[in-house]
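Source file final_15.csv; content: CSV, C-alpha atoms and all ligand atoms.
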chain,number,residue,atom,x,y,z
A,19,LEU,CA,10.8,-51.0,2.3
A,20,PHE,CA,11.1,-47.5,3.7
A,21,SER,CA,14.3,-47.8,5.8
A,22,ALA,CA,16.3,-45.8,3.3
A,23,VAL,CA,13.7,-43.0,2.9
A,24,GLU,CA,15.2,-39.7,3.9
A,25,MET,CA,13.4,-37.0,5.7
A,26,ALA,CA,12.5,-34.3,3.2
A,27,PRO,CA,13.0,-30.6,4.1
A,28,ARG,CA,10.0,-28.6,5.1
A,29,ASP,CA,8.3,-26.7,2.3
A,30,PRO,CA,9.9,-23.2,2.3
A,31,ILE,CA,6.4,-21.5,2.4
A,32,LEU,CA,3.8,-23.9,3.7
A,33,GLY,CA,6.3,-25.4,6.1
A,34,LEU,CA,6.3,-22.1,7.9
A,35,ASN,CA,2.6,-22.6,8.7
A,36,GLU,CA,3.4,-25.8,10.6
A,37,GLN,CA,6.1,-23.9,12.6
A,38,PHE,CA,3.8,-21.0,13.2
A,39,ALA,CA,1.0,-23.3,14.5
A,40,ALA,CA,3.4,-24.8,17.0
A,41,ASP,CA,4.8,-21.5,18.2
A,42,THR,CA,3.5,-20.5,21.7
A,43,ASN,CA,4.5,-16.8,21.4
A,44,PRO,CA,1.3,-14.9,22.1
A,45,ASN,CA,2.4,-12.1,19.8
A,46,LYS,CA,3.2,-14.3,16.8
A,47,VAL,CA,2.4,-12.9,13.4
A,48,ASN,CA,2.3,-15.0,10.2
A,49,LEU,CA,3.7,-13.0,7.3
A,50,GLY,CA,4.9,-16.3,5.6
A,51,VAL,CA,2.3,-17.7,3.3
A,52,GLY,CA,0.5,-15.4,0.7
A,53,VAL,CA,-2.8,-15.1,2.4
A,54,TYR,CA,-5.0,-12.0,2.8
A,55,TYR,CA,-6.3,-11.3,6.3
A,56,ASP,CA,-8.7,-8.4,7.2
A,57,ASP,CA,-7.8,-5.7,9.7
A,58,ASN,CA,-9.0,-7.9,12.5
A,59,GLY,CA,-6.6,-10.6,11.4
A,60,LYS,CA,-9.4,-12.8,10.1
A,61,LEU,CA,-9.5,-14.7,6.8
A,62,PRO,CA,-12.4,-13.1,5.0
A,63,LEU,CA,-15.4,-15.0,3.7
A,64,LEU,CA,-16.4,-12.7,0.8
A,65,ALA,CA,-20.0,-11.5,0.7
A,66,CYS,CA,-20.2,-12.5,-3.0
A,67,VAL,CA,-19.2,-16.0,-2.0
A,68,GLN,CA,-21.7,-16.2,0.8
A,69,LYS,CA,-24.5,-15.0,-1.5
A,70,ALA,CA,-23.6,-17.5,-4.1
A,71,GLU,CA,-23.5,-20.3,-1.5
A,72,GLN,CA,-26.9,-19.2,0.0
A,73,ALA,CA,-28.4,-19.4,-3.5
A,74,MET,CA,-26.9,-22.9,-3.9
A,75,MET,CA,-28.3,-24.0,-0.6
A,76,GLN,CA,-31.8,-23.0,-1.7
A,77,ALA,CA,-31.6,-25.5,-4.4
A,78,PRO,CA,-29.3,-28.3,-3.1
A,79,LYS,CA,-27.7,-30.5,-5.8
A,80,ALA,CA,-26.4,-34.0,-5.7
A,81,ARG,CA,-22.6,-34.3,-6.3
A,82,GLY,CA,-22.0,-36.4,-9.4
A,83,TYR,CA,-18.7,-36.6,-11.1
A,84,LEU,CA,-17.8,-33.4,-13.0
A,85,PRO,CA,-16.5,-33.6,-16.6
A,86,ILE,CA,-12.7,-34.2,-16.6
A,87,ASP,CA,-12.2,-30.6,-17.7
A,88,GLY,CA,-14.5,-29.2,-15.0
A,89,ILE,CA,-17.7,-27.2,-14.9
A,90,ALA,CA,-18.5,-25.8,-18.4
A,91,ALA,CA,-19.9,-22.5,-16.9
A,92,TYR,CA,-16.7,-22.2,-14.8
A,93,ASP,CA,-14.3,-22.8,-17.7
A,94,SER,CA,-16.2,-20.3,-19.8
A,95,ALA,CA,-16.1,-17.7,-17.0
A,96,VAL,CA,-12.4,-18.2,-16.7
A,97,LYS,CA,-11.9,-17.6,-20.4
A,98,ASN,CA,-14.0,-14.5,-20.3
A,99,LEU,CA,-12.1,-13.2,-17.3
A,100,VAL,CA,-8.6,-13.9,-18.8
A,101,PHE,CA,-9.2,-13.0,-22.4
A,102,GLY,CA,-12.4,-10.9,-22.4
A,103,ALA,CA,-15.9,-12.1,-23.1
A,104,ASP,CA,-16.0,-10.4,-26.5
A,105,SER,CA,-12.5,-11.2,-27.4
A,106,GLU,CA,-11.7,-12.9,-30.7
A,107,PRO,CA,-10.1,-16.1,-29.1
A,108,VAL,CA,-13.1,-16.7,-26.9
A,109,LYS,CA,-15.5,-16.1,-29.8
A,110,SER,CA,-13.6,-18.3,-32.2
A,111,GLY,CA,-13.1,-21.0,-29.6
A,112,ARG,CA,-9.4,-21.2,-29.8
A,113,VAL,CA,-8.8,-21.2,-26.0
A,114,ALA,CA,-8.6,-24.6,-24.2
A,115,THR,CA,-9.5,-24.1,-20.6
A,116,VAL,CA,-9.7,-26.7,-17.8
A,117,GLN,CA,-10.6,-26.3,-14.2
A,118,GLY,CA,-7.6,-27.0,-12.0
A,119,LEU,CA,-6.8,-27.6,-8.4
A,120,GLY,CA,-5.8,-24.0,-7.6
A,121,GLY,CA,-3.2,-22.1,-9.6
A,122,THR,CA,-0.6,-24.8,-8.7
A,123,GLY,CA,-2.9,-27.4,-10.3
A,124,GLY,CA,-3.1,-25.4,-13.4
A,125,LEU,CA,0.7,-25.1,-13.6
A,126,LYS,CA,1.1,-28.8,-13.1
A,127,ILE,CA,-1.3,-29.8,-15.8
A,128,GLY,CA,0.5,-27.5,-18.2
A,129,ALA,CA,3.9,-28.7,-17.1
A,130,ASP,CA,2.9,-32.3,-17.6
A,131,PHE,CA,1.4,-31.6,-21.0
A,132,LEU,CA,4.5,-29.6,-22.1
A,133,LYS,CA,6.8,-32.5,-21.0
A,134,ARG,CA,5.0,-34.8,-23.4
A,135,LEU,CA,5.0,-32.2,-26.1
A,136,ASN,CA,8.6,-31.2,-25.9
A,137,PRO,CA,10.5,-33.4,-23.5
A,138,ASN,CA,13.9,-31.8,-24.1
A,139,ALA,CA,12.8,-28.2,-23.5
A,140,LYS,CA,14.3,-26.2,-20.7
A,141,VAL,CA,12.3,-24.1,-18.3
A,142,LEU,CA,13.3,-20.5,-17.4
A,143,ILE,CA,12.0,-18.9,-14.2
A,144,SER,CA,12.8,-15.5,-12.8
A,145,ASP,CA,15.6,-15.1,-10.2
A,146,PRO,CA,14.0,-15.2,-7.7
A,147,SER,CA,10.6,-16.8,-8.3
A,148,TRP,CA,7.9,-18.5,-6.3
A,149,GLU,CA,9.7,-21.4,-4.7
A,150,ASN,CA,7.3,-23.9,-6.0
A,151,HIS,CA,7.9,-23.0,-9.7
A,152,ARG,CA,11.3,-24.6,-9.6
A,153,ALA,CA,10.1,-27.6,-7.6
A,154,LEU,CA,7.0,-28.1,-9.8
A,155,PHE,CA,8.7,-28.0,-13.2
A,156,THR,CA,11.6,-30.1,-11.8
A,157,GLN,CA,9.1,-32.7,-10.6
A,158,ALA,CA,7.5,-32.7,-14.0
A,159,GLY,CA,10.9,-33.7,-15.4
A,160,PHE,CA,12.3,-30.5,-16.7
A,161,GLU,CA,15.7,-28.9,-16.2
A,162,VAL,CA,14.9,-25.5,-14.7
A,163,GLN,CA,17.2,-22.5,-15.0
A,164,SER,CA,16.7,-18.9,-14.1
A,165,HIS,CA,16.8,-15.6,-15.9
A,166,ARG,CA,17.9,-12.4,-14.2
A,167,TYR,CA,15.0,-10.4,-12.6
A,168,TYR,CA,15.6,-8.8,-9.3
A,169,ASP,CA,18.2,-6.0,-8.9
A,170,ALA,CA,18.9,-5.7,-5.2
A,171,ALA,CA,21.0,-2.6,-5.5
A,172,LYS,CA,18.4,-0.8,-7.5
A,173,ARG,CA,15.5,-2.3,-5.7
A,174,GLY,CA,13.7,-3.1,-8.9
A,175,VAL,CA,13.9,-5.2,-12.0
A,176,ASP,CA,17.1,-5.9,-13.8
A,177,PHE,CA,15.4,-5.5,-17.1
A,178,GLU,CA,18.4,-5.4,-19.4
A,179,GLY,CA,19.6,-8.6,-17.7
A,180,MET,CA,16.2,-10.3,-18.1
A,181,LEU,CA,16.0,-9.4,-21.7
A,182,ALA,CA,19.6,-10.6,-22.4
A,183,ASP,CA,18.8,-13.9,-20.7
A,184,LEU,CA,15.6,-14.4,-22.7
A,185,GLN,CA,17.5,-13.5,-25.9
A,186,ALA,CA,20.0,-16.2,-25.2
A,187,ALA,CA,17.4,-18.9,-24.5
A,188,ALA,CA,17.1,-21.8,-27.0
A,189,PRO,CA,14.0,-21.9,-29.2
A,190,GLY,CA,11.3,-23.9,-27.4
A,191,THR,CA,12.4,-22.9,-24.0
A,192,ILE,CA,9.4,-22.5,-21.6
A,193,VAL,CA,9.5,-19.2,-19.9
A,194,VAL,CA,7.4,-18.9,-16.7
A,195,LEU,CA,6.3,-15.2,-16.4
A,196,HIS,CA,4.5,-13.7,-13.5
A,197,ALA,CA,1.6,-11.9,-15.2
A,198,CYS,CA,1.2,-9.5,-12.3
A,199,CYS,CA,2.2,-9.0,-8.6
A,200,HIS,CA,5.6,-10.7,-9.0
A,201,ASN,CA,6.1,-13.3,-6.2
A,202,PRO,CA,8.2,-12.8,-4.2
A,203,THR,CA,9.6,-9.4,-5.1
A,204,GLY,CA,6.5,-7.3,-5.7
A,205,TYR,CA,8.2,-5.6,-8.7
A,206,ASP,CA,6.3,-5.9,-12.0
A,207,LEU,CA,7.3,-5.0,-15.5
A,208,THR,CA,5.9,-1.8,-17.0
A,209,PRO,CA,3.5,-2.2,-20.0
A,210,ALA,CA,6.4,-0.9,-22.3
A,211,GLN,CA,8.7,-3.6,-20.8
A,212,TRP,CA,6.1,-6.2,-21.4
A,213,ASP,CA,6.1,-5.2,-25.1
A,214,GLN,CA,9.8,-5.9,-25.2
A,215,VAL,CA,9.6,-9.2,-23.4
A,216,ILE,CA,6.8,-10.4,-25.6
A,217,ALA,CA,8.7,-9.3,-28.8
A,218,THR,CA,11.8,-11.2,-27.5
A,219,VAL,CA,9.7,-14.3,-26.6
A,220,LYS,CA,8.2,-14.2,-30.1
A,221,ALA,CA,11.5,-13.7,-32.0
A,222,GLY,CA,13.1,-16.5,-30.0
A,223,ASN,CA,10.3,-18.9,-30.4
A,224,LEU,CA,10.0,-19.3,-26.7
A,225,VAL,CA,6.9,-20.8,-25.0
A,226,PRO,CA,5.3,-18.3,-22.6
A,227,PHE,CA,3.6,-19.7,-19.5
A,228,LEU,CA,1.9,-16.8,-17.6
A,229,ASP,CA,1.2,-17.5,-14.0
A,230,MET,CA,-1.7,-15.2,-12.9
A,231,ALA,CA,-2.3,-16.0,-9.3
A,232,TYR,CA,-2.9,-12.4,-8.1
A,233,GLN,CA,-5.1,-10.8,-10.7
A,234,GLY,CA,-6.8,-7.8,-9.1
A,235,PHE,CA,-4.2,-7.3,-6.4
A,236,GLY,CA,-1.9,-5.0,-8.3
A,237,GLN,CA,-3.8,-2.2,-10.1
A,238,GLY,CA,-7.1,-3.8,-11.0
A,239,ILE,CA,-8.5,-6.7,-12.9
A,240,ALA,CA,-8.0,-5.2,-16.4
A,241,GLU,CA,-4.7,-3.5,-15.6
A,242,ASP,CA,-3.3,-6.7,-14.2
A,243,GLY,CA,-4.2,-8.5,-17.4
A,244,VAL,CA,-1.8,-6.4,-19.5
A,245,ALA,CA,0.7,-9.2,-20.1
A,246,VAL,CA,-2.1,-11.6,-21.4
A,247,ALA,CA,-3.5,-8.8,-23.6
A,248,LYS,CA,-0.1,-8.1,-25.1
A,249,ALA,CA,0.8,-11.7,-25.7
A,250,LEU,CA,-2.6,-12.2,-27.4
A,251,ALA,CA,-2.1,-9.1,-29.5
A,252,ALA,CA,1.3,-10.4,-30.6
A,253,GLY,CA,-0.3,-13.6,-32.0
A,254,LEU,CA,1.5,-15.9,-29.6
A,255,SER,CA,0.3,-19.4,-28.5
A,256,PHE,CA,0.7,-19.5,-24.7
A,257,PHE,CA,-0.4,-20.9,-21.4
A,258,VAL,CA,-2.1,-19.0,-18.5
A,259,SER,CA,-2.7,-20.5,-15.1
A,260,THR,CA,-5.3,-18.8,-13.0
A,261,SER,CA,-5.9,-18.9,-9.2
A,262,PHE,CA,-9.0,-17.8,-7.3
A,263,SER,CA,-7.4,-18.7,-4.0
A,264,LYS,CA,-6.5,-15.2,-3.2
A,265,SER,CA,-9.0,-13.1,-5.3
A,266,PHE,CA,-12.0,-15.0,-3.9
A,267,SER,CA,-10.4,-15.9,-0.5
A,268,LEU,CA,-11.2,-19.5,-1.4
A,269,TYR,CA,-7.7,-21.0,-0.5
A,270,GLY,CA,-8.9,-24.3,0.8
A,271,GLU,CA,-11.3,-24.9,-2.1
A,272,ARG,CA,-8.4,-25.3,-4.5
A,273,VAL,CA,-10.0,-23.5,-7.3
A,274,GLY,CA,-8.0,-22.4,-10.3
A,275,ALA,CA,-7.6,-23.2,-14.0
A,276,LEU,CA,-5.3,-23.6,-17.0
A,277,SER,CA,-6.0,-21.9,-20.3
A,278,VAL,CA,-4.0,-22.6,-23.4
A,279,LEU,CA,-4.4,-20.1,-26.3
A,280,CYS,CA,-4.1,-22.0,-29.6
A,281,GLN,CA,-4.0,-20.8,-33.2
A,282,ASP,CA,-7.5,-22.1,-34.1
A,283,LYS,CA,-10.4,-24.1,-32.7
A,284,ALA,CA,-9.3,-27.4,-34.1
A,285,GLU,CA,-5.9,-27.0,-32.4
A,286,ALA,CA,-7.6,-26.1,-29.1
A,287,ASP,CA,-9.9,-29.1,-29.3
A,288,ARG,CA,-6.8,-31.4,-29.7
A,289,VAL,CA,-4.9,-29.6,-26.9
A,290,LEU,CA,-8.0,-30.0,-24.6
A,291,SER,CA,-8.1,-33.7,-25.3
A,292,GLN,CA,-4.5,-34.0,-24.2
A,293,LEU,CA,-5.0,-31.9,-21.1
A,294,LYS,CA,-7.9,-34.2,-20.1
A,295,ILE,CA,-5.5,-37.1,-20.1
A,296,MET,CA,-3.2,-35.3,-17.8
A,297,ILE,CA,-6.1,-34.7,-15.4
A,298,ARG,CA,-7.7,-38.1,-15.7
A,299,THR,CA,-4.4,-39.9,-14.9
A,300,ASN,CA,-3.7,-37.6,-11.9
A,301,TYR,CA,-6.9,-37.0,-10.1
A,302,SER,CA,-9.6,-38.0,-12.5
A,303,ASN,CA,-11.8,-34.8,-12.4
A,304,PRO,CA,-12.0,-31.7,-10.2
A,305,PRO,CA,-14.2,-31.1,-7.1
A,306,THR,CA,-17.6,-29.4,-7.4
A,307,HIS,CA,-18.0,-26.7,-4.7
A,308,GLY,CA,-15.3,-24.0,-5.3
A,309,GLY,CA,-15.8,-24.0,-9.0
A,310,SER,CA,-19.6,-23.8,-8.7
A,311,VAL,CA,-19.2,-20.8,-6.4
A,312,VAL,CA,-16.7,-18.9,-8.6
A,313,ALA,CA,-18.8,-19.7,-11.7
A,314,ALA,CA,-22.0,-18.4,-10.0
A,315,VAL,CA,-20.2,-15.2,-8.9
A,316,LEU,CA,-18.5,-14.4,-12.3
A,317,ASN,CA,-21.6,-15.3,-14.3
A,318,THR,CA,-24.1,-13.3,-12.2
A,319,PRO,CA,-23.8,-9.5,-12.9
A,320,GLU,CA,-24.7,-8.3,-9.3
A,321,LEU,CA,-22.4,-10.9,-7.7
A,322,ARG,CA,-19.6,-10.1,-10.2
A,323,ALA,CA,-19.9,-6.3,-9.3
A,324,LEU,CA,-19.8,-7.2,-5.6
A,325,TRP,CA,-16.7,-9.3,-6.1
A,326,GLU,CA,-14.9,-6.5,-7.9
A,327,GLU,CA,-15.8,-4.2,-5.0
A,328,GLU,CA,-14.5,-6.6,-2.4
A,329,LEU,CA,-11.4,-7.3,-4.4
A,330,ALA,CA,-10.7,-3.6,-4.6
A,331,GLY,CA,-11.2,-3.4,-0.9
A,332,MET,CA,-8.5,-6.0,-0.3
A,333,ARG,CA,-6.2,-4.2,-2.8
A,334,THR,CA,-6.7,-0.9,-1.1
A,335,ARG,CA,-6.1,-2.2,2.4
A,336,ILE,CA,-2.8,-3.8,1.3
A,337,LYS,CA,-1.7,-0.5,-0.2
A,338,GLN,CA,-2.6,1.3,3.1
A,339,MET,CA,-0.5,-1.3,5.0
A,340,ARG,CA,2.5,-0.6,2.7
A,341,VAL,CA,2.3,3.1,3.5
A,342,ALA,CA,1.9,2.4,7.2
A,343,LEU,CA,4.8,0.0,7.2
A,344,VAL,CA,7.2,2.6,5.7
A,345,GLU,CA,6.1,5.2,8.3
A,346,LYS,CA,6.1,2.9,11.3
A,347,LEU,CA,9.5,1.3,10.4
A,348,LYS,CA,10.9,4.8,10.4
A,349,ALA,CA,9.2,5.7,13.7
A,350,ALA,CA,10.5,2.4,15.2
A,351,GLY,CA,14.1,3.6,14.4
A,352,VAL,CA,14.9,1.8,11.2
A,353,LYS,CA,17.5,4.1,9.5
A,354,GLN,CA,17.4,2.6,6.0
A,355,ASP,CA,15.1,4.1,3.5
A,356,MET,CA,12.2,1.6,3.3
A,357,SER,CA,10.1,3.7,0.9
A,358,PHE,CA,10.6,1.0,-1.8
A,359,ILE,CA,7.9,-1.0,0.0
A,360,THR,CA,5.3,1.3,-1.5
A,361,THR,CA,6.6,0.9,-5.0
A,362,GLN,CA,6.1,-2.9,-4.8
A,363,VAL,CA,2.7,-4.3,-5.7
A,364,GLY,CA,0.6,-7.3,-4.7
A,365,MET,CA,0.7,-9.3,-1.5
A,366,PHE,CA,4.4,-9.4,-0.8
A,367,SER,CA,7.3,-7.2,0.1
A,368,TYR,CA,10.8,-8.4,-0.6
A,369,SER,CA,12.2,-6.7,2.4
A,370,GLY,CA,15.9,-7.0,1.7
A,371,LEU,CA,16.4,-8.7,5.1
A,372,THR,CA,18.9,-11.5,5.2
A,373,LYS,CA,18.2,-15.1,6.1
A,374,ASP,CA,19.8,-14.6,9.5
A,375,GLN,CA,17.6,-11.6,10.2
A,376,MET,CA,14.5,-13.5,9.1
A,377,VAL,CA,15.4,-16.4,11.3
A,378,ARG,CA,15.9,-14.1,14.3
A,379,LEU,CA,12.5,-12.4,13.6
A,380,ARG,CA,10.9,-15.8,13.7
A,381,ASN,CA,12.8,-17.3,16.7
A,382,GLU,CA,13.0,-14.2,18.9
A,383,PHE,CA,9.8,-12.4,18.0
A,384,GLY,CA,7.4,-14.9,16.4
A,385,VAL,CA,7.3,-12.8,13.2
A,386,TYR,CA,7.2,-15.2,10.3
A,387,GLY,CA,8.4,-14.4,6.8
A,388,THR,CA,10.3,-16.6,4.3
A,389,ASP,CA,14.1,-17.1,4.6
A,390,THR,CA,14.5,-15.0,1.4
A,391,GLY,CA,13.1,-11.9,3.2
A,392,ARG,CA,9.6,-12.1,1.7
A,393,MET,CA,6.9,-10.8,3.9
A,394,CYS,CA,3.2,-10.9,3.3
A,395,VAL,CA,2.0,-7.3,3.7
A,396,ALA,CA,-1.6,-8.6,3.2
A,397,ALA,CA,-1.4,-10.2,6.7
A,398,LEU,CA,-0.5,-6.9,8.4
A,399,ASN,CA,-3.2,-5.0,10.3
A,400,SER,CA,-3.6,-2.0,12.5
A,401,LYS,CA,-3.2,-4.2,15.6
A,402,ASN,CA,0.0,-6.2,14.7
A,403,ILE,CA,1.9,-3.6,12.6
A,404,ASP,CA,3.6,-1.8,15.5
A,405,TYR,CA,4.8,-5.1,16.9
A,406,VAL,CA,6.1,-6.2,13.5
A,407,CYS,CA,7.9,-2.9,13.0
A,408,ALA,CA,9.5,-2.9,16.5
A,409,SER,CA,10.7,-6.5,15.8
A,410,ILE,CA,12.2,-5.6,12.5
A,411,ALA,CA,13.9,-2.6,14.0
A,412,LYS,CA,15.6,-4.9,16.5
A,413,VAL,CA,17.0,-7.2,13.9
A,414,VAL,CA,18.2,-4.8,11.2
B,501,LIG,C1,2.6,-18.1,-1.5
B,501,LIG,O1,3.5,-17.9,-2.4
B,501,LIG,O2,2.8,-18.0,-0.3
B,501,LIG,C2,1.3,-18.7,-2.0
B,501,LIG,O3,1.3,-18.7,-3.4
B,501,LIG,C3,0.9,-19.9,-1.4
B,501,LIG,C4,1.7,-21.1,-1.8
B,501,LIG,O4,1.1,-22.1,-2.3
B,501,LIG,O5,2.9,-21.1,-1.8
Representation of the structure as structure tokens:
Amino acid sequence: LFSAVEMAPRDPILGLNEQFAADTNPNKVNLGVGVYYDDNGKLPLLACVQKAEQAMMQAPKARGYLPIDGIAAYDSAVKNLVFGADSEPVKSGRVATVQGLGGTGGLKIGADFLKRLNPNAKVLISDPSWENHRALFTQAGFEVQSHRYYDAAKRGVDFEGMLADLQAAAPGTIVVLHACCHNPTGYDLTPAQWDQVIATVKAGNLVPFLDMAYQGFGQGIAEDGVAVAKALAAGLSFFVSTSFSKSFSLYGERVGALSVLCQDKAEADRVLSQLKIMIRTNYSNPPTHGGSVVAAVLNTPELRALWEEELAGMRTRIKQMRVALVEKLKAAGVKQDMSFITTQVGMFSYSGLTKDQMVRLRNEFGVYGTDTGRMCVAALNSKNIDYVCASIAKVV
């Protein structure tokens, strides 16, 4: 039965974890996957999460099946976070939100629903984009194309190119947009550029799908929501996938969501009924723990304030690492101007290093980043940064 099955390639991001785990180099540093580590190189367990879990342990609960669309208090917390608790769409009930298995799960539920809704639509992703965007929408049955985004010479966004490609897209094209902290480049659109993108999406009858996996890692929770706020103000119907993997350091809990902004409540009810079919036929209903924790934190004012503080702490430390990286690369003898690293935002730096250089970094020095030159700045710390810089200096 399986004799003709071919060996699939390793996943370009998670596959690096497997290689890293097997690496015996005592100095190895994992800058591959997008995970935040503290200055001691430890994965944080946020205090807000611990407090919520302690309260849950005081009143242990049996684990029945959740509703197909997840915990009601969780879905409502997601809506409030994404659109604003007092916002018109939340108040009028025209947002359909379902709990998802991480941000990836939210994207997949949306992709499956869109494939049923408009099977012939094409999907546009940025060039480059998160590796899994292309794979996920392709697996959902779509033809995936890319629009211009990264300008290597300018070290920034090729905004004219992006706009021209969006203008040329056929009506109904699904456009996957990184709401903040563009993965992998770290270059975001300015609020004024978002205005133009949203106007173009609206004029072309394109379908925006905002991927918001890093809210709070750019400028702040509200600031990072600018794309959602502007799409809402433009009167669009759109999709938003949310991830709490990074912002709550709850990677393994697979806690995320999909929200679909509809034109009215009746439409949202019908959309929700279809999303539930996508979920039921894939994994039936979501798990209880991660969603309960996030709901408890977001819906309890003291815990919510603590979360915002802890998230700001992570954001600030990443920014400090960016500054240190630029200084230490220079001190290690790197001649190129690396100051672009501090203009990038979020967890990643698109370093400009070639695939060969990234492979050498991995094989000779145990420093892991993706083949595309992406490095997770959020995994740098005061103890490993000198080694990383010395290693980079040797390959550039
Ligand atoms: C990443 O880009 O490294 C993260 O989003 C983790 C993942 O699932 O790929």
Point to revise | Within-7 Å residues of ligand LIG 501 (chain B), basis only C-alpha atoms and all ligand atoms, as a PyMOL selection string | key: chain A and resi 31-32+50-53+148+150+201
Exercise for review: Measure the distance from atom CA of Leu276 of chain A to atom CA of Leu61 of chain A in Å and round it to one decimal.
Suggested key: 25.8 Å
Review point. Of the candidates A:Ala187, A:Met339, A:Leu321, A:Leu125, which one gets nearest to Leu142 of chain A if we count only C-alpha atoms?
Key: A:Ala187
Check your understanding: Could you list as number ranges by chain every residue that has an atom within 8 Å of (-13.8, -26.6, -10.2), using the file's coordinates and counting all atoms listed in the file?
Key -> A: 88-89, 92, 117-119, 272-274, 304-310
Exercise for review: Grab the atom CA of Ser302 of chain A to atom CA of Leu135 of chain A distance for me, in Å with one decimal place.
Suggested key: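 Spanning atom CA of Ser302 of chain A to atom CA of Leu135 of chain A is a straight-line distance of 20.8 Å.
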Practice item. Skip Lys294 of chain A itself and residues of its chain fewer than 3 positions away, then list as a PyMOL selection string all residues within 7 Å of it, counting only C-alpha atoms. Key: chain A and resi 86-87+290-291+297-298
Practice item. Could you tell me which of A:Val215, A:Cys199, A:Met75, A:Met25 comes closest to Val363 of chain A if we count only C-alpha atoms? Key: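 Of the candidates, the smallest distance to Val363 of chain A is held by A:Cys199.
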Check your understanding: Mind pulling up the distance from atom CA of Glu327 of chain A to atom CA of Lys264 of chain A?
Key -> 14.5 Å
Point to revise | Polymer residues at most 10 Å from (7.3, -22.3, 10.8) by all atoms listed in the file, as a PyMOL selection string | key: chain A and resi 28-41+48+50+380-381+384-388
Point to revise | Counting all atoms listed in the file, the residue of A:Ser357, A:Ser144, A:Thr390, A:Ser255 that sits nearest Val377 of chain A | key: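 Among the listed residues, the smallest separation from Val377 of chain A belongs to A:Thr390.
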Point to revise | Pick from A:Val23, A:Leu132, A:Val414, A:Met230 nearest to Val244 of chain A, counting all atoms listed in the file | key: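 Of all the options, A:Met230 lies closest to Val244 of chain A.
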Practice item. Go through A:Arg173, A:Tyr301, A:Tyr55, A:Ala26 and flag the residue nearest Tyr83 of chain A, using all atoms listed in the file for the distances. Key: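 Counting all atoms listed in the file, the residue closest to Tyr83 of chain A is A:Tyr301.
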Point to revise | Long-range neighbours of Ala129 of chain A as an MDAnalysis selection string, 12 Å cut-off, only C-alpha atoms, 4 positions minimum in chain | key: chainID A and resid 122:125 133:137 139:141 151:162 192:194 225:227 229 257:259 276 278 293 296:297
3 Å per side around segment 281-284 of chain A: axis-aligned box centre and edge lengths, as JSON:
{"center_x": -7.2, "center_y": -24.1, "center_z": -33.4, "size_x": 12.4, "size_y": 12.6, "size_z": 7.4}
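If you count only C-alpha atoms and ignore residues fewer than 4 places along the chain from Val344 of chain A, what sits within 9 Å of it is Met339, Arg340, Lys348, Ala349, Asp355, Met356, Ser357, Phe358, Ile359 and Thr360 of chain A.
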Exercise for review: Write out as a PyMOL selection string which residues come within 7 Å of Thr203 of chain A when counting all atoms listed in the file, dropping same-chain ones fewer than 3 positions away.
Suggested key: chain A and resi 200+366-368
Would you mind exporting C-alpha atoms of the selected residues as a compact mmCIF listing (two decimals), in the frame of the given file?
# COMPACT_ATOMS: atom_id res chain seq x y z
CA HIS A 200 5.60 -10.70 -9.00
CA PHE A 366 4.40 -9.40 -0.80
CA SER A 367 7.30 -7.20 0.10
CA TYR A 368 10.80 -8.40 -0.60
